[in-house]
Every structure is written in C-alpha cells, then in structure tokens.
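Comments concern the structure below.
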Amino acid sequence: MTISAGILTLHGQPVWAFLSAGAVSFAICLLLVRTAQKHVGLTSRASDLLAVQASHKRPTPRIGGVAIFIGLELAVGFMSGSAVGLMAQVLLAAVPVMVAGLLEDMGRELRPTLRLMAAALSAIMAMHLTGAMIHRVDVPVVDTLLRLMPVALVFTTFAVAGMCNAVNLVDGMNGLAGTLAIIGATGLALLSAAHGQQDIAAIAAALAAVILGFLALNYPHGRIFLGDAGAYLIGFVLAWLAVLLVQREPGVSPWALVLIMFWPLADTLLAIYRRRSNGRPTDLPDRLHFHQLVKRTLEILFLGRHRWALSNPLVTVVVAPVAVVPMLAGVWLAHRPGAAALAVLISGAVFFACYRLLVVLARRRPRLAGLGTPSRAGSGPASLQHGGAAERGI
C-alpha cells in the first residue's frame with residue numbers, strides 16, 4: 001500500500017474503489033434481505049428446504065450473486081489502467097454461466113448439460129476476449145499435448161467449468177464459500193502483485209471486497225445466499241485470473257494455483273470419486289461433503305443434535321484456518337513446480353485422511369443412524385448418504 005499524489009492506493013488503484021464496491025455489495029444485499037417477503041417466492045426455491053444438502057430452515061433469498069456482480073461492475077468504474085479493460089472482459093465473459101445460475105436460483109431447473117454449455121461458452125468468450133489459454137500444467141507429456149490449440153481449448157474450458165462447479169459445491173454453510181473465495185482471491189492478489197501483474201491483483205482484491213460486503217449479511221445467520229449465480233460467477237473470476245497469471249508468468253507453476261484454490265477443488269474431486277465408487281451419478285446429491293461432516297461432528301461431540309443455528313456458522317470457523325495453509329504454500333512455492341506438486345499431494349492426503357476420520361466418527365455415533373440409506377455393501381461412505389434432488393452443480 002502506497003501514498004501516491006495524496007491518494008491511498010492498493011495495487012495501483014485507489015482503496016476507496018474497493019471500499020465502495022464492497023459497500024455497494026452490502027447495500028444491495030441489505031435491500032434484498034429487508035424486502036425478502038415481497039420477492040422470496042421468486043428469489044428462492046421451495047424445494048431448497050427439502051433438499052438433501054439443505055442446512056437452513058426457512059426460505060432465504062439466494063441471489064447474492066447479483067450483488068457481487070453489480071459490485072464488481074462498480075469497481076470497473078473506479079479503477080484505472082489495464083485493470084479496467086481486463087475486469088470488463090472477464091465480467092462480460094461471465095454473463096452466460098451467471099445467467100444459467102440465476103435461472104436455477106429463480107426456480108428454472110436446467111439440465112446439467114445446459115449448465116455445462118453455459119460455462120463452456122463463458123470460457124470460450126474469455127479466451128477470445130483476453131487471448132489467454134492453459135498451455136502448460138508442468139507435466140511434460142501433458143504440456144506437449146497442450147501445445148495443440150484444440151487440446152488447450154478443451155482443457156481450459158473444462159478447467160474453468162470445474163472451478164465454477166467447485167465453488168458451487170462448497171456453498172453449503174453460512175460464510176463458507178465466500179470465505180474460501182476470499183482466501184483464493186487473497187492468494188491470487190499476493191502472487192500477482194509479487195510479479196508485477198497489478199491488474200490481476202486489483203481484480204482479485206475487488207472480488208474479495210465485494211464478497212466481504214455479501215458476507216456481512218450471509219454470516220453468521222444466513223440471511224441471504226450466494227445462489228448458483230454467485231457461486232458460478234466467483235468460481236469463473238477466480239479461474240480466469242489464475243489462467244491469466246499462468247500464461248503471463250512462465251515462472252509461476254500451475255501447481256501453485258491448485259494450492260491457492262485447493263479446498264474447493266479437493267472437495268469436488270472427492271465428491272466425484274465418492275459417488276462413482278458407490279455407483280451413484282456424480283450429480284446426485286449427498287450429505288457427505290467435508291463441511292457437512294464437520295457440521296455433524298460438531299453437533300455430535302459438542303453442541304447436540306439440531307443446533308443448526310450454531311453448528312452451521314462454526315463450520316466456517318473450523319475450515320477457514322485449515323484452508324489458508326495450502327494457499328500460503330502456493331504463494332511460497334510458486335517458482336518450485338516439483339515442491340508445489342508435492343505439496344498438492346500432501347495436502348490431498350491430509351484432506352482425505354481427515355475426511356475418513358470424520359466418516360468413522362459419523363459411523364460410530366448412533367445419532368447419525370437415521371441420516372443415511374445403507375449402501376448395497378452395507379459399508380463405506382454410501383451408508384450415510386441420502387437420495388434426493390440433484391445438487392445444482394454444472
């Protein structure tokens with residue numbers, strides 16, 4: 001942070017630009033909360049309370065993503081230099097996937113294929129507008145393939161869609177997705193600023209600011225939710241900033257970016273593995289995400305059953321400090337691909353070991369006996385799963 005021409009600046013941008021964007025995000029969320037009775041039938045889904053992954057008890061507006069988007073748009077007007085054009089390009093490209101999420105939030109159920117197509121369109125638009133694409137992952141054989149334009153295009157598209165979905169899947173407890181997104185944005189801002197990529201750093205800082213404005217009403221009481229639109233938007237912006245940084249800075253390892261975004265990615269990959277290993281469709285919901293097991297463990301060991309108002313926000317308190325560790329490792333190991341890749345493997349092993357511990361605790365407690373439907377084999381994580389409507393992932 002420096003003093004330039006009497007104006008306080010951050011990454012070359014006036015700090016009041018970020019504060020204003022955050023304040024606008026908060027103001028819009030506050031307006032939506034205060035007028036919820038007039039629009040909650042349109043801005044929430046009746047099926048939410050019955051969903052297997054639900055962790056709230058009353059209809060709640062789920063269009064916090066609108067406030068995030070408007071706050072970022074406002075930040076464009078306050079920024080200067082290359083950050084203005086880049087932010088405008090990223091937000092324009094984000095429109096298709098955000099609109100798909102908004103339709104879901106307002107009760108228009110879209111097939112997973114359509115949501116994936118929307119994410120793919122956003123990624124293709126971003127590639128066209130910014131000229132960025134993933135051409136390396138620091139794995140020699142794969143990097144050779146990624147030099148081929150069609151391979152790079154497809155890989156980039158699925159990587160970005162995956163990140164959109166990852167943020168959506170961790171949006172299960174008050175404040176959790178927003179806090180994890182701020183952790184990721186902070187890591188990107190630190191790494192970008194260290195390499196002189198001030199426009200990327202400024203956009204990451206703006207994203208963190210508008211999410212903070214949203215969190216003021218989302219945490220701890222969950223008076224408004226991100227919704228699919230908000231989760232997809234945040235995931236898209238984070239993913240594209242990472243793509244830009246890796247393309248611009250050949251010395252920055254993609255493994256470092258995986259560490260910075262580690263928690264949402266790890267939870268998503270584990271969900272895919274868990275469901276496929278139990279013979280279930282990957283888009284069929286369950287209550288076995290890491291954060292859901294943390295919540296139940298808190299209730300079992302400390303709080304008592306059905307203490308949702310307390311256990312829900314406490315999950316973020318438990319998860320956030322742990323999620324910071326791989327992010328800091330990513331910033332530290334950015335120029336050491338081998339060490340960063342090893343850190344990803346170690347982080348994954350620790351994540352999985354902790355997850356298995358939580359599953360064991362859940363199995364041994366009679367209070368959880370009614371929470372799941374036994375699997376065919378009568379064992380494994382599937383024994384704790386529910387059937388139900390599909391999660392709103394891509």
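Identifiers in the structure tokens: chain A, B, ... in order shown; residue index from 1 per chain; ligand index from 1 in order shown.
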Counting only C-alpha atoms, what is within 7 Å of region 305-311 of chain A, bar same-chain residues fewer than 6 positions away, as an NGL selection string? :A and (295 or 298-299)
Export of the given selection (N, CA, C and O atoms) as a PDB file, in the first residue's frame:
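Now in out.pdb:
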ATOM      1  N   LYS A 295     -19.890 -30.322  10.283  1.00  0.00           N
ATOM      2  CA  LYS A 295     -21.075 -29.822  10.993  1.00  0.00           C
ATOM      3  C   LYS A 295     -21.666 -30.894  11.894  1.00  0.00           C
ATOM      4  O   LYS A 295     -21.964 -30.643  13.079  1.00  0.00           O
ATOM      5  N   LEU A 298     -19.431 -31.618  14.911  1.00  0.00           N
ATOM      6  CA  LEU A 298     -19.576 -30.587  15.943  1.00  0.00           C
ATOM      7  C   LEU A 298     -20.827 -30.830  16.781  1.00  0.00           C
ATOM      8  O   LEU A 298     -20.812 -30.686  18.010  1.00  0.00           O
ATOM      9  N   GLU A 299     -21.918 -31.209  16.102  1.00  0.00           N
ATOM     10  CA  GLU A 299     -23.155 -31.467  16.839  1.00  0.00           C
ATOM     11  C   GLU A 299     -23.028 -32.708  17.719  1.00  0.00           C
ATOM     12  O   GLU A 299     -23.521 -32.729  18.853  1.00  0.00           O
TER      13      GLU A 299
END
Taking 5 positions as the minimum chain separation for residues in the same chain, which residues sit within 7 Å of region 97-105 of chain A when counting only C-alpha atoms? Answer as a PyMOL selection string. chain A and resi 43-45+62-63+110+115+118-119+122+227-229+232-233
Residues as selected, C-alpha atoms, written as an mmCIF file, in the first residue's frame, can you do that?
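That gives us result_34.cif:
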data_model
loop_
_atom_site.group_PDB
_atom_site.id
_atom_site.type_symbol
_atom_site.label_atom_id
_atom_site.label_comp_id
_atom_site.auth_asym_id
_atom_site.auth_seq_id
_atom_site.Cartn_x
_atom_site.Cartn_y
_atom_site.Cartn_z
ATOM 1 C CA THR A 43 -35.624 -15.384 -5.430
ATOM 2 C CA SER A 44 -35.603 -18.711 -3.589
ATOM 3 C CA ARG A 45 -36.708 -22.253 -4.361
ATOM 4 C CA ARG A 62 -30.439 -16.893 -2.995
ATOM 5 C CA ILE A 63 -29.444 -14.114 -5.377
ATOM 6 C CA LEU A 110 -31.738 -26.533 -16.209
ATOM 7 C CA ARG A 115 -25.238 -25.514 -17.342
ATOM 8 C CA ALA A 118 -23.131 -22.078 -20.383
ATOM 9 C CA ALA A 119 -19.834 -22.480 -18.539
ATOM 10 C CA SER A 122 -18.170 -18.254 -20.816
ATOM 11 C CA GLY A 227 -27.014 -18.929 -5.046
ATOM 12 C CA ASP A 228 -25.782 -20.730 -8.119
ATOM 13 C CA ALA A 229 -25.268 -17.440 -9.974
ATOM 14 C CA TYR A 232 -20.551 -19.683 -10.685
ATOM 15 C CA LEU A 233 -19.535 -16.034 -11.029
#
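With CA of Ala353 (chain A) on one side and CA of Leu238 (chain A) on the other, the separation reads 27.1 Å.
The residue that comes closest to Val315 (chain A), out of A:Met173, A:Leu191, A:Ile70, A:Leu241 and on the basis of only C-alpha atoms, is A:Met173.
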Enter the distance from CA of Ala209 (chain A) to CA of Ser20 (chain A), in Å, rounded to one decimal. 8.8 Å
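Nearest to Leu86 (chain A) of all the residues A:Ala161, A:Ala239, A:Ala202, A:Cys29 is A:Ala202, counting only C-alpha atoms.
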Pick out the residues sitting within 7 Å of Ala17 (chain A), and hand them over as a PDB file with N, CA, C and O atoms, in the first residue's frame; count only C-alpha atoms, and ignore anything fewer than 4 positions along from it in its own chain.
ATOM      1  N   ALA A  21     -16.973  -0.574  -3.755  1.00  0.00           N
ATOM      2  CA  ALA A  21     -17.536  -1.788  -4.344  1.00  0.00           C
ATOM      3  C   ALA A  21     -18.086  -2.705  -3.265  1.00  0.00           C
ATOM      4  O   ALA A  21     -19.181  -3.271  -3.403  1.00  0.00           O
ATOM      5  N   ALA A  75     -16.777  -1.445  -9.464  1.00  0.00           N
ATOM      6  CA  ALA A  75     -15.325  -1.358  -9.319  1.00  0.00           C
ATOM      7  C   ALA A  75     -14.662  -1.006 -10.647  1.00  0.00           C
ATOM      8  O   ALA A  75     -13.640  -0.308 -10.666  1.00  0.00           O
ATOM      9  N   PHE A  78     -14.393   2.667 -11.052  1.00  0.00           N
ATOM     10  CA  PHE A  78     -13.472   3.360 -10.157  1.00  0.00           C
ATOM     11  C   PHE A  78     -12.010   3.046 -10.444  1.00  0.00           C
ATOM     12  O   PHE A  78     -11.119   3.741  -9.975  1.00  0.00           O
ATOM     13  N   MET A  79     -11.762   1.958 -11.190  1.00  0.00           N
ATOM     14  CA  MET A  79     -10.386   1.549 -11.432  1.00  0.00           C
ATOM     15  C   MET A  79      -9.752   2.365 -12.556  1.00  0.00           C
ATOM     16  O   MET A  79     -10.409   3.133 -13.259  1.00  0.00           O
TER      17      MET A  79
END
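Of note, CA of Gly184 (chain A) and CA of Ala323 (chain A) are spaced 9.3 Å apart.
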Picked from region 115-276 of chain A by DSSP as alpha helix (DSSP H), as a PyMOL selection string: chain A and resi 115-130+140-146+149-169+176-194+198-218+227-248+254-260+262-276
Taking 4 positions as the minimum chain separation for residues in the same chain, which residues sit within 7 Å of Ile134 (chain A) when counting only C-alpha atoms? Answer as an NGL selection string. :A and (152 or 156 or 243 or 247)
Determine, counting only C-alpha atoms, which protein, DNA and RNA residues have an atom within 12 Å of an atom of Val210 (chain A); residues of the same chain fewer than 5 positions away are not included. Present the result as an mmCIF file with all heavy atoms, in the first residue's frame.
data_model
loop_
_atom_site.group_PDB
_atom_site.id
_atom_site.type_symbol
_atom_site.label_atom_id
_atom_site.label_comp_id
_atom_site.auth_asym_id
_atom_site.auth_seq_id
_atom_site.Cartn_x
_atom_site.Cartn_y
_atom_site.Cartn_z
ATOM 1 N N ALA A 17 -11.980 2.721 -4.099
ATOM 2 C CA ALA A 17 -12.675 1.976 -5.145
ATOM 3 C C ALA A 17 -13.110 0.615 -4.620
ATOM 4 O O ALA A 17 -14.245 0.169 -4.845
ATOM 5 C CB ALA A 17 -11.762 1.799 -6.367
ATOM 6 N N PHE A 18 -12.209 -0.060 -3.886
ATOM 7 C CA PHE A 18 -12.547 -1.361 -3.318
ATOM 8 C C PHE A 18 -13.579 -1.215 -2.202
ATOM 9 O O PHE A 18 -14.514 -2.008 -2.101
ATOM 10 C CB PHE A 18 -11.287 -2.039 -2.787
ATOM 11 C CG PHE A 18 -10.220 -2.214 -3.827
ATOM 12 C CD1 PHE A 18 -9.054 -1.463 -3.781
ATOM 13 C CD2 PHE A 18 -10.377 -3.119 -4.865
ATOM 14 C CE1 PHE A 18 -8.070 -1.612 -4.736
ATOM 15 C CE2 PHE A 18 -9.397 -3.281 -5.824
ATOM 16 C CZ PHE A 18 -8.238 -2.517 -5.765
ATOM 17 N N LEU A 19 -13.400 -0.196 -1.358
ATOM 18 C CA LEU A 19 -14.351 0.023 -0.267
ATOM 19 C C LEU A 19 -15.740 0.332 -0.810
ATOM 20 O O LEU A 19 -16.748 -0.150 -0.285
ATOM 21 C CB LEU A 19 -13.857 1.155 0.629
ATOM 22 C CG LEU A 19 -12.535 0.925 1.368
ATOM 23 C CD1 LEU A 19 -12.137 2.163 2.166
ATOM 24 C CD2 LEU A 19 -12.649 -0.289 2.283
ATOM 25 N N SER A 20 -15.791 1.130 -1.878
ATOM 26 C CA SER A 20 -17.081 1.478 -2.464
ATOM 27 C C SER A 20 -17.760 0.258 -3.067
ATOM 28 O O SER A 20 -18.974 0.064 -2.921
ATOM 29 C CB SER A 20 -16.893 2.556 -3.545
ATOM 30 O OG SER A 20 -16.359 3.737 -2.991
ATOM 31 N N ALA A 21 -16.973 -0.574 -3.755
ATOM 32 C CA ALA A 21 -17.536 -1.788 -4.344
ATOM 33 C C ALA A 21 -18.086 -2.705 -3.265
ATOM 34 O O ALA A 21 -19.181 -3.271 -3.403
ATOM 35 C CB ALA A 21 -16.471 -2.505 -5.175
ATOM 36 N N GLY A 22 -17.343 -2.863 -2.173
ATOM 37 C CA GLY A 22 -17.819 -3.678 -1.055
ATOM 38 C C GLY A 22 -19.058 -3.099 -0.418
ATOM 39 O O GLY A 22 -19.984 -3.827 -0.043
ATOM 40 N N ALA A 23 -19.099 -1.762 -0.290
ATOM 41 C CA ALA A 23 -20.259 -1.107 0.320
ATOM 42 C C ALA A 23 -21.502 -1.274 -0.551
ATOM 43 O O ALA A 23 -22.614 -1.487 -0.037
ATOM 44 C CB ALA A 23 -19.966 0.380 0.535
ATOM 45 N N VAL A 24 -21.329 -1.208 -1.859
ATOM 46 C CA VAL A 24 -22.471 -1.389 -2.755
ATOM 47 C C VAL A 24 -22.985 -2.821 -2.663
ATOM 48 O O VAL A 24 -24.200 -3.066 -2.632
ATOM 49 C CB VAL A 24 -22.071 -1.044 -4.203
ATOM 50 C CG1 VAL A 24 -23.110 -1.553 -5.201
ATOM 51 C CG2 VAL A 24 -21.896 0.446 -4.350
ATOM 52 N N SER A 25 -22.062 -3.780 -2.635
ATOM 53 C CA SER A 25 -22.468 -5.182 -2.477
ATOM 54 C C SER A 25 -23.277 -5.364 -1.201
ATOM 55 O O SER A 25 -24.330 -6.018 -1.198
ATOM 56 C CB SER A 25 -21.227 -6.073 -2.458
ATOM 57 O OG SER A 25 -21.569 -7.414 -2.191
ATOM 58 N N PHE A 26 -22.796 -4.781 -0.102
ATOM 59 C CA PHE A 26 -23.523 -4.872 1.166
ATOM 60 C C PHE A 26 -24.894 -4.206 1.065
ATOM 61 O O PHE A 26 -25.904 -4.753 1.539
ATOM 62 C CB PHE A 26 -22.707 -4.219 2.276
ATOM 63 C CG PHE A 26 -23.472 -4.047 3.560
ATOM 64 C CD1 PHE A 26 -23.675 -5.124 4.409
ATOM 65 C CD2 PHE A 26 -24.007 -2.814 3.910
ATOM 66 C CE1 PHE A 26 -24.402 -4.981 5.593
ATOM 67 C CE2 PHE A 26 -24.725 -2.654 5.086
ATOM 68 C CZ PHE A 26 -24.920 -3.741 5.928
ATOM 69 N N ALA A 27 -24.954 -3.021 0.456
ATOM 70 C CA ALA A 27 -26.218 -2.284 0.373
ATOM 71 C C ALA A 27 -27.262 -3.056 -0.432
ATOM 72 O O ALA A 27 -28.443 -3.108 -0.057
ATOM 73 C CB ALA A 27 -25.975 -0.916 -0.247
ATOM 74 N N ILE A 28 -26.842 -3.668 -1.532
ATOM 75 C CA ILE A 28 -27.786 -4.436 -2.341
ATOM 76 C C ILE A 28 -28.267 -5.663 -1.577
ATOM 77 O O ILE A 28 -29.465 -5.994 -1.587
ATOM 78 C CB ILE A 28 -27.138 -4.846 -3.672
ATOM 79 C CG1 ILE A 28 -26.843 -3.608 -4.508
ATOM 80 C CG2 ILE A 28 -28.038 -5.804 -4.449
ATOM 81 C CD1 ILE A 28 -26.042 -3.896 -5.757
ATOM 82 N N CYS A 29 -27.349 -6.337 -0.901
ATOM 83 C CA CYS A 29 -27.748 -7.494 -0.088
ATOM 84 C C CYS A 29 -28.711 -7.082 1.014
ATOM 85 O O CYS A 29 -29.696 -7.782 1.288
ATOM 86 C CB CYS A 29 -26.511 -8.168 0.515
ATOM 87 S SG CYS A 29 -25.498 -9.069 -0.672
ATOM 88 N N GLY A 64 -27.584 -13.525 -3.931
ATOM 89 C CA GLY A 64 -26.469 -12.682 -3.518
ATOM 90 C C GLY A 64 -25.474 -12.471 -4.644
ATOM 91 O O GLY A 64 -24.728 -11.482 -4.646
ATOM 92 N N GLY A 65 -25.457 -13.380 -5.618
ATOM 93 C CA GLY A 65 -24.562 -13.218 -6.758
ATOM 94 C C GLY A 65 -24.834 -11.947 -7.543
ATOM 95 O O GLY A 65 -23.914 -11.380 -8.153
ATOM 96 N N VAL A 66 -26.077 -11.482 -7.534
ATOM 97 C CA VAL A 66 -26.409 -10.229 -8.220
ATOM 98 C C VAL A 66 -25.656 -9.073 -7.577
ATOM 99 O O VAL A 66 -25.110 -8.196 -8.266
ATOM 100 C CB VAL A 66 -27.932 -9.982 -8.185
ATOM 101 C CG1 VAL A 66 -28.264 -8.597 -8.717
ATOM 102 C CG2 VAL A 66 -28.664 -11.056 -8.974
ATOM 103 N N ALA A 67 -25.597 -9.063 -6.248
ATOM 104 C CA ALA A 67 -24.861 -8.013 -5.542
ATOM 105 C C ALA A 67 -23.365 -8.099 -5.842
ATOM 106 O O ALA A 67 -22.696 -7.069 -6.000
ATOM 107 C CB ALA A 67 -25.112 -8.128 -4.037
ATOM 108 N N ILE A 68 -22.836 -9.314 -5.914
ATOM 109 C CA ILE A 68 -21.426 -9.500 -6.248
ATOM 110 C C ILE A 68 -21.133 -8.930 -7.637
ATOM 111 O O ILE A 68 -20.152 -8.198 -7.841
ATOM 112 C CB ILE A 68 -21.047 -10.997 -6.215
ATOM 113 C CG1 ILE A 68 -21.329 -11.619 -4.839
ATOM 114 C CG2 ILE A 68 -19.583 -11.188 -6.616
ATOM 115 C CD1 ILE A 68 -20.462 -11.116 -3.739
ATOM 116 N N PHE A 69 -21.987 -9.242 -8.597
ATOM 117 C CA PHE A 69 -21.779 -8.787 -9.970
ATOM 118 C C PHE A 69 -21.852 -7.265 -10.075
ATOM 119 O O PHE A 69 -20.988 -6.626 -10.696
ATOM 120 C CB PHE A 69 -22.818 -9.423 -10.886
ATOM 121 C CG PHE A 69 -22.604 -9.143 -12.344
ATOM 122 C CD1 PHE A 69 -21.690 -9.882 -13.078
ATOM 123 C CD2 PHE A 69 -23.314 -8.134 -12.988
ATOM 124 C CE1 PHE A 69 -21.482 -9.630 -14.421
ATOM 125 C CE2 PHE A 69 -23.113 -7.875 -14.330
ATOM 126 C CZ PHE A 69 -22.193 -8.620 -15.048
ATOM 127 N N ILE A 70 -22.862 -6.663 -9.450
ATOM 128 C CA ILE A 70 -23.013 -5.211 -9.524
ATOM 129 C C ILE A 70 -21.846 -4.521 -8.821
ATOM 130 O O ILE A 70 -21.330 -3.497 -9.292
ATOM 131 C CB ILE A 70 -24.358 -4.777 -8.915
ATOM 132 C CG1 ILE A 70 -25.515 -5.312 -9.771
ATOM 133 C CG2 ILE A 70 -24.445 -3.260 -8.812
ATOM 134 C CD1 ILE A 70 -26.891 -5.040 -9.199
ATOM 135 N N GLY A 71 -21.405 -5.086 -7.691
ATOM 136 C CA GLY A 71 -20.261 -4.518 -7.004
ATOM 137 C C GLY A 71 -19.009 -4.539 -7.866
ATOM 138 O O GLY A 71 -18.241 -3.566 -7.898
ATOM 139 N N LEU A 72 -18.793 -5.635 -8.591
ATOM 140 C CA LEU A 72 -17.638 -5.718 -9.477
ATOM 141 C C LEU A 72 -17.772 -4.751 -10.648
ATOM 142 O O LEU A 72 -16.788 -4.150 -11.097
ATOM 143 C CB LEU A 72 -17.479 -7.151 -9.991
ATOM 144 C CG LEU A 72 -17.009 -8.180 -8.961
ATOM 145 C CD1 LEU A 72 -17.033 -9.585 -9.561
ATOM 146 C CD2 LEU A 72 -15.611 -7.850 -8.452
ATOM 147 N N GLU A 73 -18.994 -4.608 -11.169
ATOM 148 C CA GLU A 73 -19.212 -3.641 -12.240
ATOM 149 C C GLU A 73 -18.894 -2.226 -11.765
ATOM 150 O O GLU A 73 -18.297 -1.421 -12.501
ATOM 151 C CB GLU A 73 -20.667 -3.707 -12.725
ATOM 152 C CG GLU A 73 -20.993 -4.927 -13.560
ATOM 153 C CD GLU A 73 -20.509 -4.800 -14.989
ATOM 154 O OE1 GLU A 73 -19.838 -3.792 -15.304
ATOM 155 O OE2 GLU A 73 -20.781 -5.703 -15.785
ATOM 156 N N LEU A 74 -19.279 -1.920 -10.540
ATOM 157 C CA LEU A 74 -18.978 -0.604 -9.989
ATOM 158 C C LEU A 74 -17.474 -0.411 -9.855
ATOM 159 O O LEU A 74 -16.942 0.679 -10.122
ATOM 160 C CB LEU A 74 -19.647 -0.438 -8.622
ATOM 161 C CG LEU A 74 -19.390 0.904 -7.923
ATOM 162 C CD1 LEU A 74 -20.062 2.029 -8.694
ATOM 163 C CD2 LEU A 74 -19.905 0.883 -6.492
ATOM 164 N N ALA A 75 -16.777 -1.445 -9.464
ATOM 165 C CA ALA A 75 -15.325 -1.358 -9.319
ATOM 166 C C ALA A 75 -14.662 -1.006 -10.647
ATOM 167 O O ALA A 75 -13.640 -0.308 -10.666
ATOM 168 C CB ALA A 75 -14.766 -2.681 -8.784
ATOM 169 N N GLY A 178 -17.970 -18.050 0.535
ATOM 170 C CA GLY A 178 -17.432 -16.696 0.469
ATOM 171 C C GLY A 178 -16.057 -16.592 1.105
ATOM 172 O O GLY A 178 -15.148 -15.957 0.563
ATOM 173 N N THR A 179 -15.891 -17.229 2.255
ATOM 174 C CA THR A 179 -14.596 -17.184 2.930
ATOM 175 C C THR A 179 -13.533 -17.916 2.126
ATOM 176 O O THR A 179 -12.394 -17.429 1.988
ATOM 177 C CB THR A 179 -14.712 -17.808 4.328
ATOM 178 O OG1 THR A 179 -15.670 -17.070 5.093
ATOM 179 C CG2 THR A 179 -13.374 -17.782 5.051
ATOM 180 N N ALA A 181 -13.518 -18.311 -1.049
ATOM 181 C CA ALA A 181 -13.247 -17.483 -2.226
ATOM 182 C C ALA A 181 -12.325 -16.322 -1.872
ATOM 183 O O ALA A 181 -11.433 -15.962 -2.658
ATOM 184 C CB ALA A 181 -14.553 -16.966 -2.815
ATOM 185 N N ILE A 182 -12.519 -15.731 -0.707
ATOM 186 C CA ILE A 182 -11.638 -14.642 -0.278
ATOM 187 C C ILE A 182 -10.220 -15.155 -0.069
ATOM 188 O O ILE A 182 -9.235 -14.488 -0.417
ATOM 189 C CB ILE A 182 -12.175 -13.987 1.008
ATOM 190 C CG1 ILE A 182 -13.428 -13.164 0.684
ATOM 191 C CG2 ILE A 182 -11.120 -13.102 1.667
ATOM 192 C CD1 ILE A 182 -14.107 -12.573 1.893
ATOM 193 N N ALA A 185 -8.836 -15.505 -3.555
ATOM 194 C CA ALA A 185 -8.584 -14.188 -4.141
ATOM 195 C C ALA A 185 -7.372 -13.525 -3.501
ATOM 196 O O ALA A 185 -6.584 -12.858 -4.178
ATOM 197 C CB ALA A 185 -9.825 -13.304 -3.979
ATOM 198 N N ILE A 203 -8.081 -6.850 -9.563
ATOM 199 C CA ILE A 203 -9.364 -7.532 -9.742
ATOM 200 C C ILE A 203 -9.590 -8.539 -8.611
ATOM 201 O O ILE A 203 -10.701 -8.661 -8.079
ATOM 202 C CB ILE A 203 -9.418 -8.224 -11.113
ATOM 203 C CG1 ILE A 203 -9.388 -7.172 -12.220
ATOM 204 C CG2 ILE A 203 -10.670 -9.090 -11.242
ATOM 205 C CD1 ILE A 203 -9.237 -7.754 -13.608
ATOM 206 N N ALA A 204 -8.535 -9.253 -8.226
ATOM 207 C CA ALA A 204 -8.664 -10.194 -7.109
ATOM 208 C C ALA A 204 -9.030 -9.468 -5.825
ATOM 209 O O ALA A 204 -9.870 -9.939 -5.037
ATOM 210 C CB ALA A 204 -7.358 -10.969 -6.929
ATOM 211 N N ALA A 205 -8.420 -8.307 -5.597
ATOM 212 C CA ALA A 205 -8.736 -7.525 -4.399
ATOM 213 C C ALA A 205 -10.176 -7.018 -4.444
ATOM 214 O O ALA A 205 -10.882 -7.005 -3.424
ATOM 215 C CB ALA A 205 -7.765 -6.351 -4.269
ATOM 216 N N LEU A 215 -20.786 -11.101 2.726
ATOM 217 C CA LEU A 215 -20.649 -11.901 3.947
ATOM 218 C C LEU A 215 -21.217 -11.206 5.174
ATOM 219 O O LEU A 215 -21.608 -11.870 6.136
ATOM 220 C CB LEU A 215 -19.177 -12.249 4.192
ATOM 221 C CG LEU A 215 -18.579 -13.355 3.325
ATOM 222 C CD1 LEU A 215 -17.111 -13.566 3.670
ATOM 223 C CD2 LEU A 215 -19.352 -14.663 3.500
ATOM 224 N N ALA A 216 -21.268 -9.894 5.137
ATOM 225 C CA ALA A 216 -21.806 -9.161 6.286
ATOM 226 C C ALA A 216 -23.246 -9.566 6.579
ATOM 227 O O ALA A 216 -23.712 -9.455 7.727
ATOM 228 C CB ALA A 216 -21.717 -7.655 6.026
ATOM 229 N N LEU A 226 -25.464 -16.932 -1.678
ATOM 230 C CA LEU A 226 -24.847 -16.648 -2.973
ATOM 231 C C LEU A 226 -25.723 -17.130 -4.115
ATOM 232 O O LEU A 226 -25.869 -16.457 -5.138
ATOM 233 C CB LEU A 226 -23.488 -17.348 -3.078
ATOM 234 C CG LEU A 226 -22.247 -16.644 -2.591
ATOM 235 C CD1 LEU A 226 -21.039 -17.549 -2.780
ATOM 236 C CD2 LEU A 226 -22.052 -15.325 -3.318
ATOM 237 N N GLY A 230 -24.111 -16.656 -7.993
ATOM 238 C CA GLY A 230 -22.977 -16.101 -7.275
ATOM 239 C C GLY A 230 -21.799 -17.053 -7.230
ATOM 240 O O GLY A 230 -20.639 -16.653 -7.416
ATOM 241 N N ILE A 234 -18.192 -16.268 -9.027
ATOM 242 C CA ILE A 234 -16.955 -16.226 -8.254
ATOM 243 C C ILE A 234 -15.968 -17.272 -8.764
ATOM 244 O O ILE A 234 -14.777 -16.990 -8.942
ATOM 245 C CB ILE A 234 -17.256 -16.437 -6.766
ATOM 246 C CG1 ILE A 234 -17.989 -15.214 -6.207
ATOM 247 C CG2 ILE A 234 -15.978 -16.698 -5.971
ATOM 248 C CD1 ILE A 234 -18.514 -15.409 -4.797
#
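Shortest separation to Lys38 (chain A) among A:Pro281, A:Pro61, A:Pro321, A:Gly196 occurs at residue A:Pro61, atoms counted being only C-alpha atoms.
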Please provide the set of residues having any atom within 12 Å of Gly162 (chain A), restricted to only C-alpha atoms, with same-chain residues fewer than 4 positions apart removed, written as a PyMOL selection string. chain A and resi 115-116+119-120+123+155-158+166-169+231-232+235-236+238-240+261+264-269+272+393-394
